[in-house]
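What follows is protein_30.pdb (PDB, C-alpha atoms).
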ATOM      1  CA  MET N 895      -5.870  14.871 -11.327
ATOM      2  CA  HIS N 896      -5.347  15.832  -7.699
ATOM      3  CA  THR N 897      -8.247  17.633  -6.047
ATOM      4  CA  ILE N 898      -7.952  20.745  -3.830
ATOM      5  CA  GLU N 899     -10.868  21.670  -1.581
ATOM      6  CA  ILE N 900     -11.611  25.357  -1.100
ATOM      7  CA  GLU N 901     -10.996  26.613   2.462
ATOM      8  CA  ALA N 902     -12.398  29.591   4.334
ATOM      9  CA  LEU N 903      -9.872  32.434   4.390
ATOM     10  CA  THR N 904      -8.452  32.966   7.882
ATOM     11  CA  ALA N 905      -5.562  35.141   9.017
ATOM     12  CA  GLU N 906      -3.808  32.203  10.620
ATOM     13  CA  GLU N 907      -3.956  29.958   7.568
ATOM     14  CA  PHE N 908      -3.126  32.777   5.159
ATOM     15  CA  ALA N 909      -0.171  34.143   7.173
ATOM     16  CA  PRO N 910       2.527  32.331   5.128
ATOM     17  CA  PHE N 911       1.212  33.954   1.949
ATOM     18  CA  GLY N 912       0.408  37.547   2.903
ATOM     19  CA  GLN N 913      -2.266  39.516   4.724
ATOM     20  CA  ILE N 914      -6.049  39.742   4.723
ATOM     21  CA  LEU N 915      -7.331  43.269   4.063
ATOM     22  CA  SER N 916     -10.328  43.706   6.325
ATOM     23  CA  THR N 917     -11.656  45.864   9.112
ATOM     24  CA  GLU N 918     -11.936  42.712  11.233
ATOM     25  CA  ASN N 919      -9.158  42.467  13.849
ATOM     26  CA  ALA N 920      -7.429  45.547  12.387
ATOM     27  CA  THR N 921      -5.852  48.327  14.416
ATOM     28  CA  HIS N 922      -8.233  51.276  14.136
ATOM     29  CA  TYR N 923      -8.727  54.736  15.519
ATOM     30  CA  PRO N 924     -10.999  57.740  14.920
ATOM     31  CA  ILE N 925      -9.936  60.652  12.718
ATOM     32  CA  ASN N 926     -11.770  63.656  11.240
ATOM     33  CA  ALA N 927     -13.288  64.686  14.579
ATOM     34  CA  GLY N 928     -14.689  61.213  15.043
ATOM     35  CA  MET N 929     -16.559  61.112  11.724
ATOM     36  CA  THR N 930     -14.158  58.556  10.180
ATOM     37  CA  GLU N 931     -12.673  55.379  11.614
ATOM     38  CA  ARG N 932      -9.285  54.504  10.155
ATOM     39  CA  TYR N 933      -8.518  50.759   9.916
ATOM     40  CA  HIS N 934      -4.837  51.329   9.607
ATOM     41  CA  ASP N 935      -1.989  49.830   7.601
ATOM     42  CA  LEU N 936      -3.537  46.501   6.665
ATOM     43  CA  ALA N 937      -0.864  45.298   4.237
ATOM     44  CA  THR N 938       2.882  44.910   3.986
ATOM     45  CA  VAL N 939       3.467  46.576   0.630
ATOM     46  CA  GLU N 940       6.786  45.299  -0.745
ATOM     47  CA  LEU N 941       8.583  47.139  -3.553
ATOM     48  CA  GLU N 942      12.026  45.933  -4.605
ATOM     49  CA  GLY N 943      14.384  46.384  -7.547
ATOM     50  CA  PRO N 944      15.234  49.357  -9.747
ATOM     51  CA  ALA N 945      12.823  52.308 -10.036
ATOM     52  CA  ALA N 946      10.274  50.518  -7.865
ATOM     53  CA  ARG N 947       7.052  52.423  -7.193
ATOM     54  CA  PRO N 948       3.532  51.500  -6.120
ATOM     55  CA  LEU N 949       0.843  51.287  -8.800
ATOM     56  CA  ILE N 950      -2.886  51.626  -8.257
ATOM     57  CA  SER N 951      -4.886  49.831 -10.962
ATOM     58  CA  ILE N 952      -8.285  48.268 -11.514
ATOM     59  CA  PHE N 953      -8.498  44.642 -12.663
ATOM     60  CA  ARG N 954     -11.747  43.597 -14.359
ATOM     61  CA  GLY N 955     -11.924  39.813 -14.158
ATOM     62  CA  GLN N 956     -14.098  37.367 -16.044
ATOM     63  CA  PRO N 957     -15.657  34.652 -13.887
ATOM     64  CA  TYR N 958     -14.531  31.061 -13.538
ATOM     65  CA  GLU N 959     -16.834  28.110 -12.963
ATOM     66  CA  LEU N 960     -16.285  25.447 -10.340
ATOM     67  CA  PRO N 961     -14.804  22.959 -10.383
ATOM     68  CA  LEU N 962     -11.892  24.680 -12.131
ATOM     69  CA  THR N 963      -8.654  23.251 -13.387
ATOM     70  CA  LEU N 964      -5.553  25.021 -12.100
ATOM     71  CA  SER N 965      -2.692  24.566 -14.538
ATOM     72  CA  LEU N 966      -0.653  27.751 -14.038
ATOM     73  CA  MET N 967       0.719  29.654 -11.095
ATOM     74  CA  GLU N 968       2.857  32.789 -11.051
ATOM     75  CA  ARG N 969       4.881  34.901  -8.658
ATOM     76  CA  HIS N 970       6.296  38.420  -8.610
ATOM     77  CA  PRO N 971       9.884  38.435  -7.305
ATOM     78  CA  LEU N 972      10.026  42.231  -7.001
ATOM     79  CA  GLY N 973       6.790  43.122  -5.265
ATOM     80  CA  SER N 974       3.651  42.323  -3.341
ATOM     81  CA  GLN N 975       0.230  42.507  -4.987
ATOM     82  CA  ALA N 976      -2.931  43.564  -3.170
ATOM     83  CA  PHE N 977      -6.437  42.806  -4.457
ATOM     84  CA  PHE N 978      -9.545  44.395  -3.002
ATOM     85  CA  PRO N 979     -12.948  43.446  -4.444
ATOM     86  CA  LEU N 980     -15.186  46.311  -5.578
ATOM     87  CA  SER N 981     -18.258  44.089  -5.333
ATOM     88  CA  SER N 982     -19.555  41.571  -2.813
ATOM     89  CA  ARG N 983     -19.288  38.697  -5.281
ATOM     90  CA  PRO N 984     -17.040  35.780  -4.307
ATOM     91  CA  PHE N 985     -13.547  35.155  -5.604
ATOM     92  CA  LEU N 986     -10.826  32.634  -4.895
ATOM     93  CA  VAL N 987      -7.310  33.266  -3.641
ATOM     94  CA  ILE N 988      -5.114  30.398  -4.779
ATOM     95  CA  VAL N 989      -1.597  30.338  -3.321
ATOM     96  CA  ALA N 990       1.239  27.891  -2.711
ATOM     97  CA  GLU N 991       4.410  27.714  -0.703
ATOM     98  CA  ASP N 992       7.631  27.370  -2.653
ATOM     99  CA  ASN N 993       9.324  24.015  -3.044
ATOM    100  CA  GLU N 994      12.755  24.409  -4.621
ATOM    101  CA  GLY N 995      11.647  26.990  -7.138
ATOM    102  CA  LYS N 996       8.277  25.426  -7.907
ATOM    103  CA  PRO N 997       4.886  25.748  -6.236
ATOM    104  CA  ALA N 998       4.155  23.161  -3.558
ATOM    105  CA  GLU N 999       0.600  21.822  -3.396
ATOM    106  CA  PRO N1000      -1.727  24.805  -3.872
ATOM    107  CA  ARG N1001      -4.335  25.984  -1.395
ATOM    108  CA  ALA N1002      -7.541  27.760  -2.429
ATOM    109  CA  PHE N1003      -9.093  30.289  -0.050
ATOM    110  CA  LEU N1004     -12.541  31.893  -0.213
ATOM    111  CA  PRO N1005     -12.598  35.399   1.337
ATOM    112  CA  LYS N1006     -15.732  36.696   3.004
ATOM    113  CA  PRO N1007     -17.522  39.616   1.298
ATOM    114  CA  GLY N1008     -15.604  42.796   2.124
ATOM    115  CA  GLU N1009     -12.245  41.068   2.435
ATOM    116  CA  GLY N1010      -9.274  41.574   0.160
ATOM    117  CA  VAL N1011      -5.796  40.112   0.250
ATOM    118  CA  ASN N1012      -2.231  41.269  -0.132
ATOM    119  CA  ILE N1013      -0.089  38.523  -1.647
ATOM    120  CA  ALA N1014       3.475  38.775  -0.349
ATOM    121  CA  ILE N1015       6.488  39.307  -2.590
ATOM    122  CA  ASN N1016       7.607  36.219  -4.517
ATOM    123  CA  THR N1017       4.633  34.126  -3.357
ATOM    124  CA  TRP N1018       3.174  31.620  -5.823
ATOM    125  CA  HIS N1019      -0.455  32.418  -6.673
ATOM    126  CA  GLY N1020      -3.093  31.708  -9.271
ATOM    127  CA  VAL N1021      -4.510  34.342 -11.559
ATOM    128  CA  LEU N1022      -7.402  36.548 -10.463
ATOM    129  CA  THR N1023     -10.348  34.183  -9.991
ATOM    130  CA  PRO N1024     -13.766  35.801  -9.616
ATOM    131  CA  LEU N1025     -16.721  33.476  -9.396
ATOM    132  CA  GLU N1026     -20.299  33.985 -10.611
ATOM    133  CA  ALA N1027     -19.889  37.185 -12.695
ATOM    134  CA  GLU N1028     -17.463  39.761 -14.043
ATOM    135  CA  SER N1029     -15.947  41.590 -11.054
ATOM    136  CA  ASP N1030     -13.684  44.579 -10.533
ATOM    137  CA  PHE N1031     -10.827  44.726  -8.042
ATOM    138  CA  LEU N1032      -8.645  47.581  -6.886
ATOM    139  CA  VAL N1033      -5.036  46.406  -7.152
ATOM    140  CA  VAL N1034      -1.912  47.836  -5.533
ATOM    141  CA  ASP N1035       1.242  46.317  -6.965
ATOM    142  CA  ARG N1036       4.719  47.225  -8.119
ATOM    143  CA  GLY N1037       5.902  49.155 -11.130
ATOM    144  CA  GLY N1038       9.522  49.678 -12.139
ATOM    145  CA  GLU N1039      12.304  48.069 -14.074
ATOM    146  CA  GLY N1040      13.380  44.440 -14.004
ATOM    147  CA  THR N1041      11.574  41.144 -14.534
ATOM    148  CA  ASN N1042       8.738  40.863 -12.048
ATOM    149  CA  LEU N1043       6.947  37.754 -13.331
ATOM    150  CA  GLU N1044       7.756  34.079 -13.056
ATOM    151  CA  GLU N1045       5.280  31.460 -14.231
ATOM    152  CA  HIS N1046       5.004  27.752 -13.516
ATOM    153  CA  LEU N1047       2.954  25.389 -15.621
ATOM    154  CA  PHE N1048       1.986  22.168 -13.835
ATOM    155  CA  GLU N1049       2.578  18.957 -15.784
ATOM    156  CA  GLN N1050      -0.625  17.711 -14.266
ATOM    157  CA  GLY N1051      -3.094  20.351 -13.090
ATOM    158  CA  TYR N1052      -5.157  20.473  -9.921
ATOM    159  CA  MET N1053      -8.919  20.419  -9.712
ATOM    160  CA  ILE N1054     -10.304  23.093  -7.360
ATOM    161  CA  VAL N1055     -13.631  22.123  -5.836
ATOM    162  CA  MET N1056     -16.033  23.322  -3.173
ATOM    163  CA  ARG N1057     -15.626  21.425   0.072
ATOM    164  CA  ASP N1058     -18.130  18.626   0.358
ATOM    165  CA  ARG N1059     -20.146  19.808   3.366
ATOM    166  CA  SER N1060     -22.130  16.603   3.552
ATOM    167  CA  ALA N1061     -18.936  14.649   4.330
ATOM    168  CA  SER N1062     -17.929  16.576   7.431
TER     169      SER N1062
ATOM    170  CA  MET H 362     -21.443  82.613   4.356
ATOM    171  CA  HIS H 363     -20.163  82.025   0.833
ATOM    172  CA  THR H 364     -21.883  79.238  -1.081
ATOM    173  CA  ILE H 365     -20.089  76.574  -3.181
ATOM    174  CA  GLU H 366     -22.093  74.574  -5.712
ATOM    175  CA  ILE H 367     -21.195  70.921  -6.176
ATOM    176  CA  GLU H 368     -19.739  70.112  -9.619
ATOM    177  CA  ALA H 369     -19.576  66.860 -11.562
ATOM    178  CA  LEU H 370     -16.112  65.305 -11.279
ATOM    179  CA  THR H 371     -14.235  65.480 -14.578
ATOM    180  CA  ALA H 372     -10.593  64.712 -15.330
ATOM    181  CA  GLU H 373     -10.045  68.164 -16.827
ATOM    182  CA  GLU H 374     -11.433  70.073 -13.851
ATOM    183  CA  PHE H 375      -9.779  67.786 -11.299
ATOM    184  CA  ALA H 376      -6.323  67.798 -12.956
ATOM    185  CA  PRO H 377      -4.842  70.522 -10.689
ATOM    186  CA  PHE H 378      -5.711  68.432  -7.628
ATOM    187  CA  GLY H 379      -4.847  64.848  -8.576
ATOM    188  CA  GLN H 380      -6.274  61.992 -10.622
ATOM    189  CA  ILE H 381      -9.599  60.235 -11.034
ATOM    190  CA  LEU H 382      -9.373  56.476 -10.419
ATOM    191  CA  SER H 383     -11.667  54.898 -12.976
ATOM    192  CA  THR H 384     -11.684  52.456 -15.856
ATOM    193  CA  GLU H 385     -13.007  55.257 -18.054
ATOM    194  CA  ASN H 386     -10.323  56.684 -20.352
ATOM    195  CA  ALA H 387      -7.647  54.560 -18.640
ATOM    196  CA  THR H 388      -4.851  52.725 -20.425
ATOM    197  CA  HIS H 389      -5.824  49.055 -20.337
ATOM    198  CA  TYR H 390      -4.688  45.737 -21.689
ATOM    199  CA  PRO H 391      -5.557  42.059 -21.264
ATOM    200  CA  ILE H 392      -3.642  39.792 -18.896
ATOM    201  CA  ASN H 393      -4.221  36.263 -17.568
ATOM    202  CA  ALA H 394      -4.817  34.772 -21.025
ATOM    203  CA  GLY H 395      -7.458  37.381 -21.710
ATOM    204  CA  MET H 396      -9.542  36.617 -18.609
ATOM    205  CA  THR H 397      -8.595  39.895 -16.886
ATOM    206  CA  GLU H 398      -8.415  43.440 -18.226
ATOM    207  CA  ARG H 399      -5.840  45.579 -16.418
ATOM    208  CA  TYR H 400      -6.738  49.303 -16.191
ATOM    209  CA  HIS H 401      -3.204  50.302 -15.478
ATOM    210  CA  ASP H 402      -1.470  52.778 -13.215
ATOM    211  CA  LEU H 403      -4.329  55.164 -12.534
ATOM    212  CA  ALA H 404      -2.664  57.300  -9.857
ATOM    213  CA  THR H 405       0.533  59.185  -9.220
ATOM    214  CA  VAL H 406       1.395  57.828  -5.770
ATOM    215  CA  GLU H 407       3.717  60.343  -4.091
ATOM    216  CA  LEU H 408       5.806  59.349  -1.061
ATOM    217  CA  GLU H 409       8.303  61.838   0.328
ATOM    218  CA  GLY H 410      10.303  62.311   3.513
ATOM    219  CA  PRO H 411      12.071  59.914   5.872
ATOM    220  CA  ALA H 412      11.074  56.233   5.974
ATOM    221  CA  ALA H 413       8.268  56.853   3.492
ATOM    222  CA  ARG H 414       6.206  53.809   2.522
ATOM    223  CA  PRO H 415       2.755  53.220   1.059
ATOM    224  CA  LEU H 416      -0.054  52.243   3.428
ATOM    225  CA  ILE H 417      -3.229  50.415   2.498
ATOM    226  CA  SER H 418      -6.060  51.167   4.942
ATOM    227  CA  ILE H 419      -9.847  51.178   5.072
ATOM    228  CA  PHE H 420     -11.664  54.359   6.104
ATOM    229  CA  ARG H 421     -15.207  53.947   7.411
ATOM    230  CA  GLY H 422     -16.898  57.309   7.110
ATOM    231  CA  GLN H 423     -20.086  58.599   8.700
ATOM    232  CA  PRO H 424     -22.373  60.485   6.317
ATOM    233  CA  TYR H 425     -22.806  64.248   6.015
ATOM    234  CA  GLU H 426     -26.037  65.989   5.140
ATOM    235  CA  LEU H 427     -26.357  68.718   2.529
ATOM    236  CA  PRO H 428     -26.053  71.593   2.682
ATOM    237  CA  LEU H 429     -22.904  71.179   4.758
ATOM    238  CA  THR H 430     -20.692  73.800   6.319
ATOM    239  CA  LEU H 431     -17.022  73.483   5.413
ATOM    240  CA  SER H 432     -14.888  75.017   8.130
ATOM    241  CA  LEU H 433     -11.678  72.965   7.917
ATOM    242  CA  MET H 434      -9.330  71.851   5.179
ATOM    243  CA  GLU H 435      -6.098  69.889   5.435
ATOM    244  CA  ARG H 436      -3.142  68.856   3.330
ATOM    245  CA  HIS H 437      -0.407  66.230   3.511
ATOM    246  CA  PRO H 438       2.985  67.735   2.602
ATOM    247  CA  LEU H 439       4.706  64.326   2.400
ATOM    248  CA  GLY H 440       2.328  62.213   0.362
ATOM    249  CA  SER H 441      -0.630  61.695  -1.917
ATOM    250  CA  GLN H 442      -3.826  60.077  -0.634
ATOM    251  CA  ALA H 443      -6.042  57.852  -2.763
ATOM    252  CA  PHE H 444      -9.666  57.080  -1.878
ATOM    253  CA  PHE H 445     -11.675  54.380  -3.610
ATOM    254  CA  PRO H 446     -15.310  53.801  -2.574
ATOM    255  CA  LEU H 447     -16.264  50.253  -1.616
ATOM    256  CA  SER H 448     -19.935  51.009  -2.248
ATOM    257  CA  SER H 449     -21.869  52.841  -4.941
ATOM    258  CA  ARG H 450     -23.077  55.516  -2.521
ATOM    259  CA  PRO H 451     -22.138  59.120  -3.326
ATOM    260  CA  PHE H 452     -19.372  61.094  -1.670
ATOM    261  CA  LEU H 453     -17.887  64.534  -2.133
ATOM    262  CA  VAL H 454     -14.310  65.435  -2.994
ATOM    263  CA  ILE H 455     -13.618  68.926  -1.699
ATOM    264  CA  VAL H 456     -10.313  70.472  -2.768
ATOM    265  CA  ALA H 457      -8.692  73.868  -3.140
ATOM    266  CA  GLU H 458      -5.674  75.384  -4.795
ATOM    267  CA  ASP H 459      -3.110  76.976  -2.519
ATOM    268  CA  ASN H 460      -3.009  80.727  -2.031
ATOM    269  CA  GLU H 461       0.101  81.758  -0.102
ATOM    270  CA  GLY H 462      -0.116  78.881   2.348
ATOM    271  CA  LYS H 463      -3.899  78.898   2.740
ATOM    272  CA  PRO H 464      -6.651  77.242   0.708
ATOM    273  CA  ALA H 465      -8.084  79.354  -2.094
ATOM    274  CA  GLU H 466     -11.840  79.114  -2.666
ATOM    275  CA  PRO H 467     -12.772  75.433  -2.370
ATOM    276  CA  ARG H 468     -14.376  73.332  -5.081
ATOM    277  CA  ALA H 469     -16.648  70.381  -4.361
ATOM    278  CA  PHE H 470     -16.770  67.483  -6.826
ATOM    279  CA  LEU H 471     -19.230  64.606  -6.990
ATOM    280  CA  PRO H 472     -17.672  61.426  -8.451
ATOM    281  CA  LYS H 473     -19.784  58.977 -10.420
ATOM    282  CA  PRO H 474     -20.389  55.538  -8.869
ATOM    283  CA  GLY H 475     -17.251  53.445  -9.390
ATOM    284  CA  GLU H 476     -14.911  56.418  -9.387
ATOM    285  CA  GLY H 477     -12.241  57.136  -6.786
ATOM    286  CA  VAL H 478      -9.698  59.902  -6.548
ATOM    287  CA  ASN H 479      -6.039  60.317  -5.760
ATOM    288  CA  ILE H 480      -5.392  63.658  -4.083
ATOM    289  CA  ALA H 481      -1.926  64.924  -4.983
ATOM    290  CA  ILE H 482       0.777  65.630  -2.419
ATOM    291  CA  ASN H 483       0.310  68.869  -0.466
ATOM    292  CA  THR H 484      -3.120  69.574  -1.976
ATOM    293  CA  TRP H 485      -5.737  71.187   0.248
ATOM    294  CA  HIS H 486      -8.785  68.970   0.724
ATOM    295  CA  GLY H 487     -11.732  68.458   3.009
ATOM    296  CA  VAL H 488     -12.171  65.419   5.196
ATOM    297  CA  LEU H 489     -13.758  62.250   3.848
ATOM    298  CA  THR H 490     -17.349  63.197   3.010
ATOM    299  CA  PRO H 491     -19.732  60.319   2.311
ATOM    300  CA  LEU H 492     -23.354  61.225   1.710
ATOM    301  CA  GLU H 493     -26.504  59.247   2.546
ATOM    302  CA  ALA H 494     -25.044  56.453   4.742
ATOM    303  CA  GLU H 495     -21.915  55.092   6.404
ATOM    304  CA  SER H 496     -19.480  54.119   3.641
ATOM    305  CA  ASP H 497     -16.143  52.333   3.437
ATOM    306  CA  PHE H 498     -13.221  53.440   1.277
ATOM    307  CA  LEU H 499      -9.951  51.758   0.421
ATOM    308  CA  VAL H 500      -7.207  54.309   1.036
ATOM    309  CA  VAL H 501      -3.616  54.343  -0.195
ATOM    310  CA  ASP H 502      -1.543  56.986   1.531
ATOM    311  CA  ARG H 503       1.846  57.568   3.066
ATOM    312  CA  GLY H 504       3.408  56.225   6.242
ATOM    313  CA  GLY H 505       6.762  57.204   7.639
ATOM    314  CA  GLU H 506       8.413  59.782   9.821
ATOM    315  CA  GLY H 507       7.889  63.531   9.783
ATOM    316  CA  THR H 508       4.845  65.786  10.038
ATOM    317  CA  ASN H 509       2.435  64.928   7.249
ATOM    318  CA  LEU H 510      -0.604  66.991   8.253
ATOM    319  CA  GLU H 511      -1.352  70.682   7.991
ATOM    320  CA  GLU H 512      -4.798  72.024   8.832
ATOM    321  CA  HIS H 513      -6.495  75.303   8.000
ATOM    322  CA  LEU H 514      -9.571  76.571   9.821
ATOM    323  CA  PHE H 515     -11.571  79.142   7.869
ATOM    324  CA  GLU H 516     -12.560  82.274   9.779
ATOM    325  CA  GLN H 517     -15.806  82.114   7.898
ATOM    326  CA  GLY H 518     -16.840  78.722   6.549
ATOM    327  CA  TYR H 519     -18.307  77.824   3.171
ATOM    328  CA  MET H 520     -21.722  76.339   2.572
ATOM    329  CA  ILE H 521     -21.608  73.382   0.144
ATOM    330  CA  VAL H 522     -24.849  72.931  -1.765
ATOM    331  CA  MET H 523     -26.231  70.923  -4.649
ATOM    332  CA  ARG H 524     -26.300  72.893  -7.868
ATOM    333  CA  ASP H 525     -29.689  74.422  -8.485
ATOM    334  CA  ARG H 526     -30.718  72.623 -11.667
ATOM    335  CA  SER H 527     -33.827  74.744 -12.131
ATOM    336  CA  ALA H 528     -31.674  77.845 -12.589
ATOM    337  CA  SER H 529     -29.664  76.613 -15.569
TER     338      SER H 529
END
For this file, write the structure as structure tokens.
Amino acid sequence: MHTIEIEALTAEEFAPFGQILSTENATHYPINAGMTERYHDLATVELEGPAARPLISIFRGQPYELPLTLSLMERHPLGSQAFFPLSSRPFLVIVAEDNEGKPAEPRAFLPKPGEGVNIAINTWHGVLTPLEAESDFLVVDRGGEGTNLEEHLFEQGYMIVMRDRSAS
Amino acid sequence: MHTIEIEALTAEEFAPFGQILSTENATHYPINAGMTERYHDLATVELEGPAARPLISIFRGQPYELPLTLSLMERHPLGSQAFFPLSSRPFLVIVAEDNEGKPAEPRAFLPKPGEGVNIAINTWHGVLTPLEAESDFLVVDRGGEGTNLEEHLFEQGYMIVMRDRSAS
């Protein structure tokens, strides 16, 4: 089984897949007579197809243990999907570029505490993957009519592992 | 100065002003082969006017001390505004019904930890009001063209106080 090493999440590396939701490097300005700083418009929310509307939901995810076997990826052809952690516990963001209608080799990113992600429309990604303990996420995705889910099952899965720091 | 006592946030009392964002009493169902529970579609996201689109932002709010003087309220005629706390610290949700284009007597609600709110379109509300310490909130509101802010300055402010528990 092919092995994928987890990478730190960076804006540059994640750019093909969506946006990082973070105060870091965001456009920001004071509002409310200076009492609030607004880190503005962090995500490209994409809503396509009939009766499209944004949904705000909470996802409560059970934890995965590492190394984990990735056998399924999915994508949403009609909308983006933003995940923001409601705890400081770690989670993985597993994504892949498209290769003729199937996921190319996946990449696994580890956000820093306080970072969320917005996964772009029609981008292959793994399911919600908290580590360590049950974790809640605020999710902004797309409601409406039409089929907004495509799944791909790998014939042979991938093993997702922590990067071996001793080897670098 | 008129005094307003802080109330517990309940769905029934908050219904005229928007929705509570919480797993409690939400429609939910399992996804991701049972590893994730989706608490689904918690808010009525309202987006009106030209070039309207949803924005995802982070608000970093400085804390207020109680009792606080409320002298300003605002409303957004073109969109709803959802606030979800990224910490378990308390914050106030101050809202008012409309009375001929001005806020009626305000009400101040205290959410439980883990609860956010979605303030409905064109609903009078106070500015973001964290208590105790600087606090971050994920915010989903409306971008686009047009004037989406109306402010009202009270001639005489209101004093917002904790309910006197000894008196009940």
Just so the selection is clear, what residues does the PyMOL selection byres ((chain H and resi 392-398) around 7) cover here, as number ranges by chain?
N: 953-956, 1021; H: 389-391, 399-400
Among the residues H:Arg436, H:His363, H:Arg414, H:Lys463, the one that comes closest to chain N [using all atoms listed in the file]:
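Using all atoms listed in the file, chain N sits closest to H:Arg414.
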So how far away is atom CA of Glu1039 of chain N from atom CA of Val500 of chain H, in Å?
25.5 Å
Contacts of Pro464 of chain H within 10 Å, only C-alpha atoms, excl. fewer than 5 positions in-chain, as a PyMOL selection string
chain H and resi 433-436+456-459+484-486+512-515
Write the residues of the preceding selection, restricted to C-alpha atoms, as a PDB file, in the frame of the given file.
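New file out20.pdb:
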ATOM      1  CA  LEU H 433     -11.678  72.965   7.917  1.00  0.00           C
ATOM      2  CA  MET H 434      -9.330  71.851   5.179  1.00  0.00           C
ATOM      3  CA  GLU H 435      -6.098  69.889   5.435  1.00  0.00           C
ATOM      4  CA  ARG H 436      -3.142  68.856   3.330  1.00  0.00           C
ATOM      5  CA  VAL H 456     -10.313  70.472  -2.768  1.00  0.00           C
ATOM      6  CA  ALA H 457      -8.692  73.868  -3.140  1.00  0.00           C
ATOM      7  CA  GLU H 458      -5.674  75.384  -4.795  1.00  0.00           C
ATOM      8  CA  ASP H 459      -3.110  76.976  -2.519  1.00  0.00           C
ATOM      9  CA  THR H 484      -3.120  69.574  -1.976  1.00  0.00           C
ATOM     10  CA  TRP H 485      -5.737  71.187   0.248  1.00  0.00           C
ATOM     11  CA  HIS H 486      -8.785  68.970   0.724  1.00  0.00           C
ATOM     12  CA  GLU H 512      -4.798  72.024   8.832  1.00  0.00           C
ATOM     13  CA  HIS H 513      -6.495  75.303   8.000  1.00  0.00           C
ATOM     14  CA  LEU H 514      -9.571  76.571   9.821  1.00  0.00           C
ATOM     15  CA  PHE H 515     -11.571  79.142   7.869  1.00  0.00           C
TER      16      PHE H 515
END
Under the PyMOL selection byres ((chain N and resi 900) around 12), which residues of this model are included? Write them out as a PyMOL selection string.
chain N and resi 897-899+901-903+960-962+985-989+1000-1005+1052-1059
Write out as number ranges by chain the residues lying within 10 Å of Pro411 of chain H, counting only C-alpha atoms and excluding same-chain residues fewer than 2 positions away.
H: 408-409, 413-414, 439, 504-507
Have a look at H:Ala481, H:Leu447, H:Ala376, H:Ile417 and name the one nearest to Val501 of chain H; count all atoms listed in the file.
H:Ile417
For Leu915 of chain N: contacts at 7 Å, all atoms listed in the file, fewer than 2 positions along chain excluded, given as a PyMOL selection string:
chain N and resi 913+936-937+1009-1012
Among listed residues H:Gly410, H:Pro451, H:Gly518, H:Pro474, nearest chain N (using all atoms listed in the file):
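That would be H:Pro474, the residue with the smallest distance to chain N.
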Have a look at H:Asn509, H:Asn386, H:Thr405, H:Ser432 and name the one nearest to chain N; count only C-alpha atoms.
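For chain N, the nearest of the candidates is H:Thr405.
Take atom CA of Glu1044 of chain N and atom CA of His970 of chain N: the distance between them is 6.4 Å.
Across N:Ser916, N:Asn993, N:Thr963, N:Gln975, the tightest approach to chain H is made by N:Ser916 when counting all atoms listed in the file.
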Near His934 of chain N, within 7 Å and counting all atoms listed in the file, which residues show up once chain neighbours fewer than 5 positions away are dropped, as an NGL selection string?
(:N and (920-922)) or (:H and (418-419))
Find the distance between atom CA of Pro491 of chain H and atom CA of Pro424 of chain H and write it in Å to one decimal.
4.8 Å
Box centre and edge lengths (Å, one decimal), axis-aligned, segment 464-481 of chain H plus 5 Å each side, as JSON:
{"center_x": -11.2, "center_y": 66.4, "center_z": -4.9, "size_x": 28.5, "size_y": 35.9, "size_z": 21.1}
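Here the question is which of N:Pro979, N:Ile1013, N:Glu959, N:Met895 gets nearest to Pro910 of chain N using only C-alpha atoms, and that residue is N:Ile1013.
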